[in-house]
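Everything below concerns the one structure shown next.
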Amino acid sequence: MGTHKIAFDLSILHLSESPKIRVIPPGPKSKKLINEQKRIESNAVSYPRSIPLAIDEAKGATIKDVDGNTYLDFFGGAGVLNVGQLNPKVISAVNEQLKKLVHALDFPTRTRIDLGKKLLEIAPGELESGKVFFSAPTGSDAVEAAIKLAMHNTGRKTILAFEGSYHGMTQGALSVSSGRKLYEDYLPLLPQTHFAPYAYCYRCSFGKEYPDCDLECLRYVEHLLADPHSGASIPAAIIVEPVQGEGGSIVPPREFIPGLREIADQYSIPLIFDEIQAGNARCGRMFSCELTDTCPDIVTIAKGFGGIGFPFGAIIYRKELDTWKPGAHIGTFRGHQVAMAAGLASIRFIEEYDIAQHSANMGKIMLGMLKEAEGNLKFVGESRGAGLMVGVEFVRDKESKEPYPEIAERVQHICYENGVIFELGGHFFNVIRCLAPLTVTEKMVRTGTEILIESIRKAEKEV
Ligand SMILES: Cc1ncc(COP(=O)(O)O)c(C=O)c1O
């Protein structure tokens, strides 16, 4: 794993380095709270349906439920808890901030300015001389802001997005998200979003194989823009996740993102990188676009950038785009000082302990174990990832690649019963996804991955 060494013992950041299951989950106390939640809350509640537990406390990459079971949390609050629950360095910054100021709209404060400067310092490529805009504190609103800014600058109204994308649930963000189940009850959304195939090589939309494909997916985007009869207008922006998250942890071949950059330049289209999930050191670099040294015109950030789970959202963009008017994207919570202090402390933590490199190393260990086991796992079509964004795609048959969501769901459940929590995602909901806090120790990674592999074997035997 190279010479990189974390400067302190990460194991102290967690409740334990392995799961401890005392009662088969969900235990009676979890069941009781889940039932109470059902009575009180909306039918739209989602996560406790697939992961039926009620949380008592959490630390680092571990969660304790109300029945006393301790889980390895490889879901990380949907990719939010990159420096782990209750990270002590972040907590101390939070406590200091709480003594002074919580809410400040967009008035300048020391915390806000320091965070703004830090975001520019870490921003990809030329964006270090760009501008920061703090949106309302969700990823969805950062995406809304990015779309608005691009529309304002180009005077165009349509967006080019990608199949497998997820950008959020507000109207604009949902319009550029491809999942039919999420939007079909709410049409019409923004007029004319055009979706092009992502470089999802395991299921190439053009039936080709990399590298012989000559990146047909890029050629198709060129065609959409070049052919006046393609049905797509020249868009206000191209929005893309440099590594796709909810679409199934898809890492495109290294020519894809730089190729999009070239095409966007050719047509003077602002390129938006949505780094809400793939950024913040998740994929082994602070921003996943740094994996291919490509710089966007606008980058969206949220999730882990709020530190230890504080809500936060922002965009960073090229200075030339800063043409919108004061109040162009207002919102009451665009100055949450505690979230800002937490975000700043967590970036400092990531830098101080080179958590991006640790994420790369831990991801390599996990993926290495999965790849080694893959050949003997009947229903695993592909395991893939970058850093600790790892996915295992399940198929009924390795030849036909027919998606097998039922087994993915079963594997998720067996893992949960054995004390490891994963997310499910992918085009067909057939991908087990790891979004573990990046502070996991090697022991935790090995234990969690062993449990995952064993759970896959167990699920296979049940079929
Ligand atoms: C890439 C990406 N963009 C945007 C969002 C939306 O963020 P939020 O749920 O904070 O609105 C998500 C959430 O999963 C995401 O993964």
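Chain labels A, B, ... are given in the sequence in which chains occur in the structure tokens; within each chain residues are numbered consecutively from 1, and ligands are likewise numbered from 1 in the order shown.
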### Task
Determine which residues of range 42-202 of chain A receive a DSSP assignment of helix (DSSP H, G or I), computed from the backbone, and state them as JSON, numbers by chain.
{"A": [47, 48, 49, 50, 76, 77, 78, 79, 88, 89, 90, 91, 92, 93, 94, 95, 96, 97, 98, 110, 111, 112, 113, 114, 115, 116, 117, 118, 119, 120, 121, 122, 125, 126, 127, 128, 129, 139, 140, 141, 142, 143, 144, 145, 146, 147, 148, 149, 150, 151, 152, 153, 154, 171, 172, 173, 174, 175, 180, 181, 182, 183, 184, 185, 186, 201, 202]}
9 Å contact set for range 197-205 of chain A, only C-alpha atoms, chain neighbours under 2 positions out, as a PDB file with N, CA and C atoms, in the first residue's frame:
```pdb
ATOM      1  N   ALA A 161     -27.826  15.630 -19.607  1.00  0.00           N
ATOM      2  CA  ALA A 161     -27.446  14.849 -18.423  1.00  0.00           C
ATOM      3  C   ALA A 161     -27.171  13.410 -18.869  1.00  0.00           C
ATOM      4  N   PHE A 162     -26.967  12.515 -17.907  1.00  0.00           N
ATOM      5  CA  PHE A 162     -26.563  11.154 -18.274  1.00  0.00           C
ATOM      6  C   PHE A 162     -27.450  10.089 -17.651  1.00  0.00           C
ATOM      7  N   GLU A 163     -27.570   9.010 -18.368  1.00  0.00           N
ATOM      8  CA  GLU A 163     -28.297   7.850 -17.845  1.00  0.00           C
ATOM      9  C   GLU A 163     -27.577   7.365 -16.587  1.00  0.00           C
ATOM     10  N   GLY A 164     -28.365   6.959 -15.616  1.00  0.00           N
ATOM     11  CA  GLY A 164     -27.776   6.476 -14.353  1.00  0.00           C
ATOM     12  C   GLY A 164     -27.494   7.594 -13.362  1.00  0.00           C
ATOM     13  N   SER A 165     -27.838   8.837 -13.756  1.00  0.00           N
ATOM     14  CA  SER A 165     -27.499   9.965 -12.883  1.00  0.00           C
ATOM     15  C   SER A 165     -28.488  10.102 -11.727  1.00  0.00           C
ATOM     16  N   PHE A 195     -30.945  12.942 -22.074  1.00  0.00           N
ATOM     17  CA  PHE A 195     -30.048  12.008 -21.375  1.00  0.00           C
ATOM     18  C   PHE A 195     -29.209  11.214 -22.375  1.00  0.00           C
ATOM     19  N   GLY A 207     -23.271  -1.720 -27.086  1.00  0.00           N
ATOM     20  CA  GLY A 207     -22.858  -3.117 -27.254  1.00  0.00           C
ATOM     21  C   GLY A 207     -21.383  -3.273 -27.555  1.00  0.00           C
ATOM     22  N   LYS A 208     -20.583  -2.284 -27.171  1.00  0.00           N
ATOM     23  CA  LYS A 208     -19.148  -2.329 -27.480  1.00  0.00           C
ATOM     24  C   LYS A 208     -18.344  -2.701 -26.238  1.00  0.00           C
ATOM     25  N   GLU A 209     -17.056  -2.935 -26.461  1.00  0.00           N
ATOM     26  CA  GLU A 209     -16.169  -3.225 -25.330  1.00  0.00           C
ATOM     27  C   GLU A 209     -15.021  -2.242 -25.300  1.00  0.00           C
ATOM     28  N   TYR A 210     -14.735  -1.749 -24.113  1.00  0.00           N
ATOM     29  CA  TYR A 210     -13.598  -0.852 -23.935  1.00  0.00           C
ATOM     30  C   TYR A 210     -12.327  -1.690 -23.986  1.00  0.00           C
ATOM     31  N   LEU A 215     -14.589   4.856 -27.440  1.00  0.00           N
ATOM     32  CA  LEU A 215     -15.451   5.736 -26.643  1.00  0.00           C
ATOM     33  C   LEU A 215     -16.682   6.203 -27.433  1.00  0.00           C
ATOM     34  N   GLU A 216     -17.434   5.218 -27.894  1.00  0.00           N
ATOM     35  CA  GLU A 216     -18.665   5.488 -28.655  1.00  0.00           C
ATOM     36  C   GLU A 216     -19.613   6.428 -27.874  1.00  0.00           C
ATOM     37  N   CYS A 217     -19.608   6.318 -26.545  1.00  0.00           N
ATOM     38  CA  CYS A 217     -20.488   7.184 -25.738  1.00  0.00           C
ATOM     39  C   CYS A 217     -20.125   8.664 -25.929  1.00  0.00           C
ATOM     40  N   LEU A 218     -18.833   8.944 -26.068  1.00  0.00           N
ATOM     41  CA  LEU A 218     -18.431  10.343 -26.323  1.00  0.00           C
ATOM     42  C   LEU A 218     -18.821  10.758 -27.734  1.00  0.00           C
ATOM     43  N   TYR A 220     -21.267   9.734 -29.341  1.00  0.00           N
ATOM     44  CA  TYR A 220     -22.716   9.950 -29.357  1.00  0.00           C
ATOM     45  C   TYR A 220     -23.065  11.361 -28.845  1.00  0.00           C
ATOM     46  N   VAL A 221     -22.374  11.803 -27.812  1.00  0.00           N
ATOM     47  CA  VAL A 221     -22.615  13.170 -27.302  1.00  0.00           C
ATOM     48  C   VAL A 221     -22.251  14.173 -28.395  1.00  0.00           C
ATOM     49  N   VAL A 240     -22.729  16.153 -15.013  1.00  0.00           N
ATOM     50  CA  VAL A 240     -22.261  14.767 -14.942  1.00  0.00           C
ATOM     51  C   VAL A 240     -21.578  14.507 -13.594  1.00  0.00           C
ATOM     52  N   GLN A 244     -20.021   7.881 -11.033  1.00  0.00           N
ATOM     53  CA  GLN A 244     -21.456   7.846 -10.718  1.00  0.00           C
ATOM     54  C   GLN A 244     -21.723   7.099  -9.422  1.00  0.00           C
ATOM     55  N   ILE A 250     -20.170   3.685 -10.574  1.00  0.00           N
ATOM     56  CA  ILE A 250     -19.594   3.439 -11.900  1.00  0.00           C
ATOM     57  C   ILE A 250     -18.416   4.383 -12.157  1.00  0.00           C
ATOM     58  N   VAL A 251     -17.266   3.776 -12.381  1.00  0.00           N
ATOM     59  CA  VAL A 251     -16.062   4.549 -12.678  1.00  0.00           C
ATOM     60  C   VAL A 251     -15.864   4.493 -14.192  1.00  0.00           C
ATOM     61  N   PRO A 252     -15.992   5.618 -14.883  1.00  0.00           N
ATOM     62  CA  PRO A 252     -15.849   5.558 -16.344  1.00  0.00           C
ATOM     63  C   PRO A 252     -14.391   5.390 -16.741  1.00  0.00           C
ATOM     64  N   PRO A 253     -14.125   4.933 -17.966  1.00  0.00           N
ATOM     65  CA  PRO A 253     -12.733   4.874 -18.407  1.00  0.00           C
ATOM     66  C   PRO A 253     -12.129   6.280 -18.420  1.00  0.00           C
ATOM     67  N   PHE A 256     -13.188   9.400 -20.594  1.00  0.00           N
ATOM     68  CA  PHE A 256     -14.570   9.879 -20.696  1.00  0.00           C
ATOM     69  C   PHE A 256     -14.743  11.326 -20.202  1.00  0.00           C
ATOM     70  N   GLY A 381     -21.737 -10.099 -11.151  1.00  0.00           N
ATOM     71  CA  GLY A 381     -21.359  -9.758 -12.519  1.00  0.00           C
ATOM     72  C   GLY A 381     -20.068  -8.964 -12.539  1.00  0.00           C
ATOM     73  N   GLU A 382     -20.005  -7.974 -11.645  1.00  0.00           N
ATOM     74  CA  GLU A 382     -18.805  -7.137 -11.616  1.00  0.00           C
ATOM     75  C   GLU A 382     -18.702  -6.461 -10.248  1.00  0.00           C
ATOM     76  N   LYS A 401     -26.054 -11.281 -18.328  1.00  0.00           N
ATOM     77  CA  LYS A 401     -26.019 -10.095 -17.452  1.00  0.00           C
ATOM     78  C   LYS A 401     -27.417  -9.626 -17.039  1.00  0.00           C
TER      79      LYS A 401
END
```
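Here CA of Phe273 in chain A stands at a distance of 5.9 Å from CA of Pro296 in chain A.
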### Message
List the spatial neighbours of Asp354 in chain A as a count of residues only - criterion: any atom at most 12 Å away, only C-alpha atoms, same-chain residues fewer than 3 positions off excluded.
### Response
25
### Message
What does the structure give for the distance between CA of Arg49 in chain A and CA of Tyr416 in chain A, in Å to one decimal?
### Response
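About the pair CA of Arg49 in chain A and CA of Tyr416 in chain A: they are 12.4 Å apart.
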### Task
Excluding Val143 in chain A and residues on its chain fewer than 4 positions from it, collect all residues at most 8 Å away from it, counting only C-alpha atoms, and give them as a PyMOL selection string.
chain A and resi 139+147+167-168+172-173+274+300
### Query
Within 8 Å of ligand 1, counting only C-alpha atoms and all ligand atoms: which residues, as number ranges by chain?
A: 78-79, 137-143, 165-170, 173, 241, 244-246, 274-278, 300, 302-303, 311-313
Store the residues picked out above, limited to C-alpha atoms, as an mmCIF file, in the first residue's frame.
```
data_model
loop_
_atom_site.group_PDB
_atom_site.id
_atom_site.type_symbol
_atom_site.label_atom_id
_atom_site.label_comp_id
_atom_site.auth_asym_id
_atom_site.auth_seq_id
_atom_site.Cartn_x
_atom_site.Cartn_y
_atom_site.Cartn_z
ATOM 1 C CA ALA A 78 -25.580 7.841 2.232
ATOM 2 C CA GLY A 79 -22.026 9.055 1.764
ATOM 3 C CA PRO A 137 -27.922 23.190 2.760
ATOM 4 C CA THR A 138 -28.704 20.214 0.530
ATOM 5 C CA GLY A 139 -27.131 18.703 -2.530
ATOM 6 C CA SER A 140 -30.340 19.227 -4.455
ATOM 7 C CA ASP A 141 -30.219 22.965 -3.917
ATOM 8 C CA ALA A 142 -26.557 23.137 -4.927
ATOM 9 C CA VAL A 143 -27.617 21.455 -8.181
ATOM 10 C CA SER A 165 -27.499 9.965 -12.883
ATOM 11 C CA TYR A 166 -28.895 11.102 -9.557
ATOM 12 C CA HIS A 167 -28.749 14.807 -8.742
ATOM 13 C CA GLY A 168 -31.496 15.267 -6.155
ATOM 14 C CA MET A 169 -35.218 15.557 -5.555
ATOM 15 C CA THR A 170 -36.119 19.215 -6.077
ATOM 16 C CA ALA A 173 -32.364 18.437 -9.802
ATOM 17 C CA GLU A 241 -20.959 12.831 -11.951
ATOM 18 C CA GLN A 244 -21.456 7.846 -10.718
ATOM 19 C CA GLY A 245 -22.853 7.129 -7.271
ATOM 20 C CA GLU A 246 -26.488 6.061 -7.087
ATOM 21 C CA ASP A 274 -21.663 16.948 -9.457
ATOM 22 C CA GLU A 275 -19.172 15.999 -6.727
ATOM 23 C CA ILE A 276 -21.794 15.798 -4.012
ATOM 24 C CA GLN A 277 -21.234 12.074 -3.488
ATOM 25 C CA ALA A 278 -17.967 11.328 -5.305
ATOM 26 C CA THR A 300 -21.495 21.132 -6.809
ATOM 27 C CA ALA A 302 -22.754 18.941 -0.288
ATOM 28 C CA LYS A 303 -23.074 15.706 1.781
ATOM 29 C CA PRO A 311 -26.437 19.941 6.259
ATOM 30 C CA PHE A 312 -24.452 21.963 3.773
ATOM 31 C CA GLY A 313 -24.424 22.800 0.080
#
```
### Query
Can you tell me, as number ranges by chain, what residues are no more than 9 Å from Gly331 in chain A when counting only C-alpha atoms, ignoring any on the same chain fewer than 6 positions away?
A: 105, 135-136
Would you mind exporting N, CA and C atoms of the selected residues as a PDB file, in the first residue's frame?
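See part-v1.pdb below for the written result:
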```pdb
ATOM      1  N   LEU A 105     -27.481  34.138   8.038  1.00  0.00           N
ATOM      2  CA  LEU A 105     -27.829  34.400   6.629  1.00  0.00           C
ATOM      3  C   LEU A 105     -26.530  34.427   5.816  1.00  0.00           C
ATOM      4  N   SER A 135     -25.218  27.556  -1.150  1.00  0.00           N
ATOM      5  CA  SER A 135     -26.641  27.384  -1.478  1.00  0.00           C
ATOM      6  C   SER A 135     -27.395  27.001  -0.209  1.00  0.00           C
ATOM      7  N   ALA A 136     -28.680  26.672  -0.356  1.00  0.00           N
ATOM      8  CA  ALA A 136     -29.380  26.078   0.779  1.00  0.00           C
ATOM      9  C   ALA A 136     -28.690  24.746   1.085  1.00  0.00           C
TER      10      ALA A 136
END
```
### Task
Could you give me, as a list in words, the residues within 8 Å of range 449-462 of chain A, counting only C-alpha atoms and dropping anything in the same chain fewer than 2 positions from it?
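Near neighbours after the sequence-gap exclusion: Met366, Met369, Leu370, Ala373, Leu377, Lys378, Phe379, Ile407, Arg410, Val411, Ile414, Cys415, Asn418, Val420, Val445, Arg446 and Thr447 of chain A.
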